[in-house]
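Below you'll find the structure, written out as structure tokens, and then a few comments.
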Amino acid sequence: MSRRWLSKVDRFAGEILKFRSSLCSSARNNQDVVLNVLQSPRANLPLLRQFGKKVGNDSPVDRDFLVQLWVEDRKMKDSIKKRKKKVVSSGFHDQLYGNSLGRLFSGASAAEQSSFEQGKPVLHQPPLSQSVTGFLRPESPEEAQVAPLLARSNLLITRDIEWANLMLGFEQENRYAVVDVCYPQSPVGFIREQSNVIARQLLRLRRPFVASITDAMGNELFRVRRPFWWLTSSIYAEINGKEVGVVHRRWHLWRRIYDLYLGNTQFAVVENPGFWNWTFTLKDIDGNVLAEIDRDWRGFGFEIFTDAGQYVIRFGSSDPSSKAGLARQVQELDVARLLTLSERAVAVALAISLDNDYFSRHGGWGLPLIAVGE
């Protein structure tokens with residue numbers, strides 16, 4: 001038994017020696033190959049170089065270049081974060097404006113819609129609802145500026161709810177949203193009053209103010225200016241600081257009479273019988289109908305407790321191809337002629353004056369038509 005174990009040990013030791021010799025020979029061969037490669041003229045490769053040094057034909061890499069690279073990388077990351085925030089906010093505004101007219105007021109100066117397929121916010125003005133007689137062409141640069149808003153057949157102006165006025169009697173700046181009846185999905189413009197907070201509390205409806213009328217993207221188209229008044233009110237329409245028209249109110253005990261001027265020429269008059277008549281028709285000197293302003297009844301709660309009035313301005317018949325859905329139920333108005341874009345700006349100023357003269361709440365509770373003989 002001892003001889004057998006000794007023979008096995010001798011064989012195992014011999015195999016170990018053979019394996020060791022083969023490893024040594026392969027290591028020598030590999031070492032020779034590496035030395036040949038390093039000694040060849042093509043192996044002039046930089047194994048190690050210091051920072052800021054160049055080797056051969058390499059361009060120098062200095063510290064300023066790396067700083068610029070780092071700054072550009074941070075700017076790119078910040079821009080990506082801002083884009084993500086814009087996409088999220090645009091999705092919120094799309095949900096806010098897309099459902100009903102009651103959610104048209106967000107406090108923003110402009111309406112924003114988003115394209116979720118592309119992931120980018122998209123701002124656009126709804127298309128024009130042209131009249132059946134053709135496109136209303138502007139006759140001056142001022143009219144070309146207001147055309148995106150006023151070259152429409154029907155405008156719906158809705159006033160925002162003033163919660164501070166409702167709860168505390170604190171007079172706030174009036175805000176309105178303007179919607180094309182043929183495209184009620186999104187507003188085509190906004191109206192925002194600018195006035196002094198102390199004057200609003202002391203003078204109330206007689207306060208002076210300036211209201212900016214913008215398109216859906218927040219670009220100012222024109223302004224209306226209403227100075228302080230004592231017996232009869234006046235309101236002026238201005239485009240780029242240039243006065244284009246004015247509306248003067250005539251005093252009467254119960255009737256509501258307004259004279260509309262374009263420059264120094266009167267082009268329309270409004271004679272409303274007063275009391276519960278909420279239709280204001282613009283007529284020329286021959287009694288022909290030019291346009292119409294209707295104040296809609298929004299419900300018992302709105303009319304009793306809020307100033308959130310709604311006005312429809314009808315400038316004439318619209319193109320039937322632009323009417324879809326509920327817009328087909330809008331009653332058309334037959335007019336003797338189409339008002340020019342400047343005259344329509346004066347008509348919008350009249351709607352704002354009507355809201356402040358007869359349909360504002362004076363900071364208290366009560367029916368909006370009590371002060372008919374003011």
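Chain identifiers are assigned as A, B, and so on, following the order in which chains appear in the structure tokens; residues are numbered from 1 within each chain, and ligands are numbered from 1 in order of appearance.
Near His248 in chain A, within a cut-off of 7 Å and counting only C-alpha atoms, sit the residues Ser233, Ser234, Ile235, Tyr258, Asp259 and Leu260 of chain A, with same-chain residues fewer than 6 positions away left out.
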Task: For Trp230 in chain A: contacts at 12 Å, only C-alpha atoms, fewer than 4 positions along chain excluded, given as a ChimeraX atom specification - done: /A:203-208,234,249,251,357,374
TODO: Using CA of Phe275 in chain A and CA of Val335 in chain A as the two end points, give the distance in Å to one decimal.
DONE: 25.5 Å
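Secondary structure from DSSP on the backbone puts strand (DSSP E or B) at the following positions of range 252-295 of chain A: A:Arg256, A:Ile257, A:Tyr258, A:Asp259, A:Leu260, A:Tyr261, A:Leu262, A:Thr265, A:Gln266, A:Phe267, A:Ala268, A:Val269, A:Val270, A:Glu271, A:Asn272, A:Thr279, A:Phe280, A:Thr281, A:Leu282, A:Lys283, A:Val289, A:Leu290, A:Ala291, A:Glu292, A:Ile293, A:Asp294, A:Arg295.
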Using C-alpha atoms, can you export the residues from the last selection as a PDB file, in the first residue's frame?
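This is the output file result_25.pdb:
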ATOM      1  CA  ARG A 256     -81.050 104.938 -21.773  1.00  0.00           C
ATOM      2  CA  ILE A 257     -79.808 107.014 -24.683  1.00  0.00           C
ATOM      3  CA  TYR A 258     -76.293 106.891 -26.092  1.00  0.00           C
ATOM      4  CA  ASP A 259     -74.714 108.726 -29.033  1.00  0.00           C
ATOM      5  CA  LEU A 260     -71.860 106.980 -30.872  1.00  0.00           C
ATOM      6  CA  TYR A 261     -69.281 109.019 -32.754  1.00  0.00           C
ATOM      7  CA  LEU A 262     -66.461 108.090 -35.099  1.00  0.00           C
ATOM      8  CA  THR A 265     -69.240 112.314 -36.976  1.00  0.00           C
ATOM      9  CA  GLN A 266     -72.131 110.520 -35.300  1.00  0.00           C
ATOM     10  CA  PHE A 267     -72.802 107.160 -36.916  1.00  0.00           C
ATOM     11  CA  ALA A 268     -75.314 105.546 -34.521  1.00  0.00           C
ATOM     12  CA  VAL A 269     -77.651 106.171 -31.621  1.00  0.00           C
ATOM     13  CA  VAL A 270     -79.083 103.859 -28.930  1.00  0.00           C
ATOM     14  CA  GLU A 271     -82.539 104.595 -27.474  1.00  0.00           C
ATOM     15  CA  ASN A 272     -83.518 101.989 -24.910  1.00  0.00           C
ATOM     16  CA  THR A 279     -81.629  95.002 -25.629  1.00  0.00           C
ATOM     17  CA  PHE A 280     -79.634  97.973 -26.926  1.00  0.00           C
ATOM     18  CA  THR A 281     -79.973  98.462 -30.688  1.00  0.00           C
ATOM     19  CA  LEU A 282     -77.586 100.666 -32.661  1.00  0.00           C
ATOM     20  CA  LYS A 283     -79.431 102.573 -35.394  1.00  0.00           C
ATOM     21  CA  VAL A 289     -80.371  98.659 -37.593  1.00  0.00           C
ATOM     22  CA  LEU A 290     -76.553  98.543 -37.570  1.00  0.00           C
ATOM     23  CA  ALA A 291     -75.803  96.298 -34.575  1.00  0.00           C
ATOM     24  CA  GLU A 292     -77.280  95.069 -31.329  1.00  0.00           C
ATOM     25  CA  ILE A 293     -76.087  94.511 -27.762  1.00  0.00           C
ATOM     26  CA  ASP A 294     -78.070  92.088 -25.592  1.00  0.00           C
ATOM     27  CA  ARG A 295     -77.530  91.430 -21.929  1.00  0.00           C
TER      28      ARG A 295
END
Open item on the list: Considering only C-alpha atoms, can you say which of A:Leu354, A:Val346, A:Ile157, A:Ala336 comes closest to Val179 in chain A?
Closed with: A:Ile157
Task: In range 143-368 of chain A, DSSP alpha helix (DSSP H) residues written as a ChimeraX atom specification - done: /A:143-150,163-168,197-203,300-305,341-358
Open item on the list: I'd like the contact shell of range 186-192 of chain A - 7 Å cut-off, only C-alpha atoms, skipping same-chain residues fewer than 3 positions apart - returned as number ranges by chain.
Closed with: A: 97-98, 111, 125-126, 149, 174-180, 183, 211-216
Open item on the list: Measuring between only C-alpha atoms, which one of A:Ala349, A:Val244, A:Ala308, A:Ala237 shows the shortest distance to Ser140 in chain A?
Closed with: A:Val244
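In terms of minimum interatomic distance to Trp276 in chain A, A:Phe359 ranks closest within A:Asp73, A:Arg337, A:Phe359, A:Pro138, counting only C-alpha atoms.
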